[in-house]
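Novice: Okay, here's the structure, questions in a sec.
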Amino acid sequence: MPHVHDLIDFTVSVFIVNDNRVLLIHHKKLNMWLPIGGHIELNEDSDQTLFREIKEECGLEIEVLSNKPEITSPGTKFLYTPSFLDIHALPGDHKHIALTYFAKSKSDKFIHNKEEHNDIRWFSKEDLEKPEFNLTGAVKFYCKEALKISS
């Protein structure tokens, strides 16, 4: 999706864990390993974006590792609480405020959306430190946190 705002957009990122491994995609445009995620569109809330992006990018069924009230209240929809928030720069003067979630997958059988990314794979804790993947410090941090929370 194109940017909604010129300077800052809200996004959702989800670090999905299965069998002590974290799923990452290799982003075509940015040429780097990142979690599943994308822009929160104008007609969406963060939960809708979270599940849309998972369906589009990997097709996994997941359990969000977050809290959400189990009550109903007219006119209010309770949303999953992100585990972390950050703001990060992209090429140019654009930034993203990322709502970052952790999730568990019931299966390791993902789909590879070749239109969206170059590659998709499960990363073990040891893989996170391998120089050939050139993961950013933030991605490594989130992967390690997801592994801790999901175990």
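Ligands are numbered from 1 in the order shown, residues from 1 within each chain, and chains are lettered A, B, ... in the order they appear in the structure tokens.
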Can you check which residues of range 53-131 of chain A DSSP gives as helix (DSSP H, G or I) on the backbone and send them as a ChimeraX atom specification?
Specialist: /A:53-57,127-129,131
Novice: For Thr11 in chain A, which residue among A:Glu63, A:Glu132, A:Glu56, A:Glu41 is the nearest when counting only C-alpha atoms?
Specialist: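 The closest residue to Thr11 in chain A is A:Glu41.
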Novice: Could you list, as a list in words, every residue within 8 Å of range 14-31 of chain A, counting only C-alpha atoms and ignoring same-chain residues fewer than 5 positions away?
Specialist: Ile36, Gly37, Leu50, Ile62, Thr100, Tyr101, Phe102, Ala103, Lys104, Ser105, Lys106, Ser107, Asp108, Glu116, His117, Asn118, Asp119, Ile120, Arg121, Trp122, Phe123, Ser124, Lys125, Tyr142, Cys143, Ala146, Leu147, Ser150 and Ser151 of chain A
Novice: Mind pulling up the distance from CA of Thr136 in chain A to CA of Lys95 in chain A?
Specialist: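 For CA of Lys95 in chain A relative to CA of Thr136 in chain A, the distance reads 16.4 Å.
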Novice: Go through A:Pro91, A:Pro82, A:Pro131, A:Gly137 and flag the residue nearest Ser46 in chain A, using only C-alpha atoms for the distances.
Specialist: A:Pro82
Novice: When DSSP works through the backbone of this structure, what residues of range 89-132 of chain A end up as strand (DSSP E), shown as a VMD selection string?
Specialist: chain A and resid 89 95 to 105 117 to 124
Novice: Please write the residues from the selection above to a file, keeping C-alpha atoms, as an mmCIF file, in the first residue's frame.
Specialist:
data_model
loop_
_atom_site.group_PDB
_atom_site.id
_atom_site.type_symbol
_atom_site.label_atom_id
_atom_site.label_comp_id
_atom_site.auth_asym_id
_atom_site.auth_seq_id
_atom_site.Cartn_x
_atom_site.Cartn_y
_atom_site.Cartn_z
ATOM 1 C CA ALA A 89 13.105 5.901 9.465
ATOM 2 C CA LYS A 95 8.934 7.273 9.081
ATOM 3 C CA HIS A 96 6.776 4.470 10.418
ATOM 4 C CA ILE A 97 5.280 4.129 13.888
ATOM 5 C CA ALA A 98 5.204 0.349 14.272
ATOM 6 C CA LEU A 99 2.820 -1.517 16.556
ATOM 7 C CA THR A 100 4.783 -4.714 17.178
ATOM 8 C CA TYR A 101 3.088 -7.974 18.126
ATOM 9 C CA PHE A 102 4.249 -11.492 18.946
ATOM 10 C CA ALA A 103 2.328 -14.595 17.909
ATOM 11 C CA LYS A 104 2.546 -18.385 17.853
ATOM 12 C CA SER A 105 1.752 -20.422 14.775
ATOM 13 C CA HIS A 117 8.913 -10.575 -0.857
ATOM 14 C CA ASN A 118 12.012 -12.268 -2.233
ATOM 15 C CA ASP A 119 12.123 -15.005 0.384
ATOM 16 C CA ILE A 120 10.485 -16.224 3.578
ATOM 17 C CA ARG A 121 12.028 -18.533 6.156
ATOM 18 C CA TRP A 122 12.110 -19.631 9.763
ATOM 19 C CA PHE A 123 15.079 -18.310 11.768
ATOM 20 C CA SER A 124 16.515 -20.161 14.747
#
Novice: Rounded to one decimal place, report the CA of Thr76 in chain A-CA of Gly38 in chain A distance in Å.
Specialist: 24.1 Å
Novice: Taking 5 positions as the minimum chain separation for residues in the same chain, which residues sit within 9 Å of Asp47 in chain A when counting only C-alpha atoms? Answer as a PyMOL selection string.
Specialist: chain A and resi 12+52+79-80
Novice: Which one is closest to His112 in chain A: A:Ile54, A:Ile149, A:Ile8, A:Leu65? Count only C-alpha atoms.
Specialist: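 Among the listed residues, A:Ile54 lies closest to His112 in chain A.
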Novice: Nearest residue to Glu115 in chain A out of A:Glu129, A:Cys58, A:Ser13, A:Met32, using only C-alpha atoms?
Specialist: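 Looking only at the distances to Glu115 in chain A, the closest residue turns out to be A:Cys58.
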Novice: Quick check, in Å to one decimal: how far apart do CA of Lys148 in chain A and CA of Lys130 in chain A lie?
Specialist: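 According to the coordinates, CA of Lys148 in chain A and CA of Lys130 in chain A are separated by 19.3 Å.
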Novice: Which residues are close to Phe78 in chain A, i.e. within 10 Å by only C-alpha atoms, leaving aside same-chain residues fewer than 2 positions away? Reply as a PyMOL selection string.
Specialist: chain A and resi 47+67-73+76+80-81
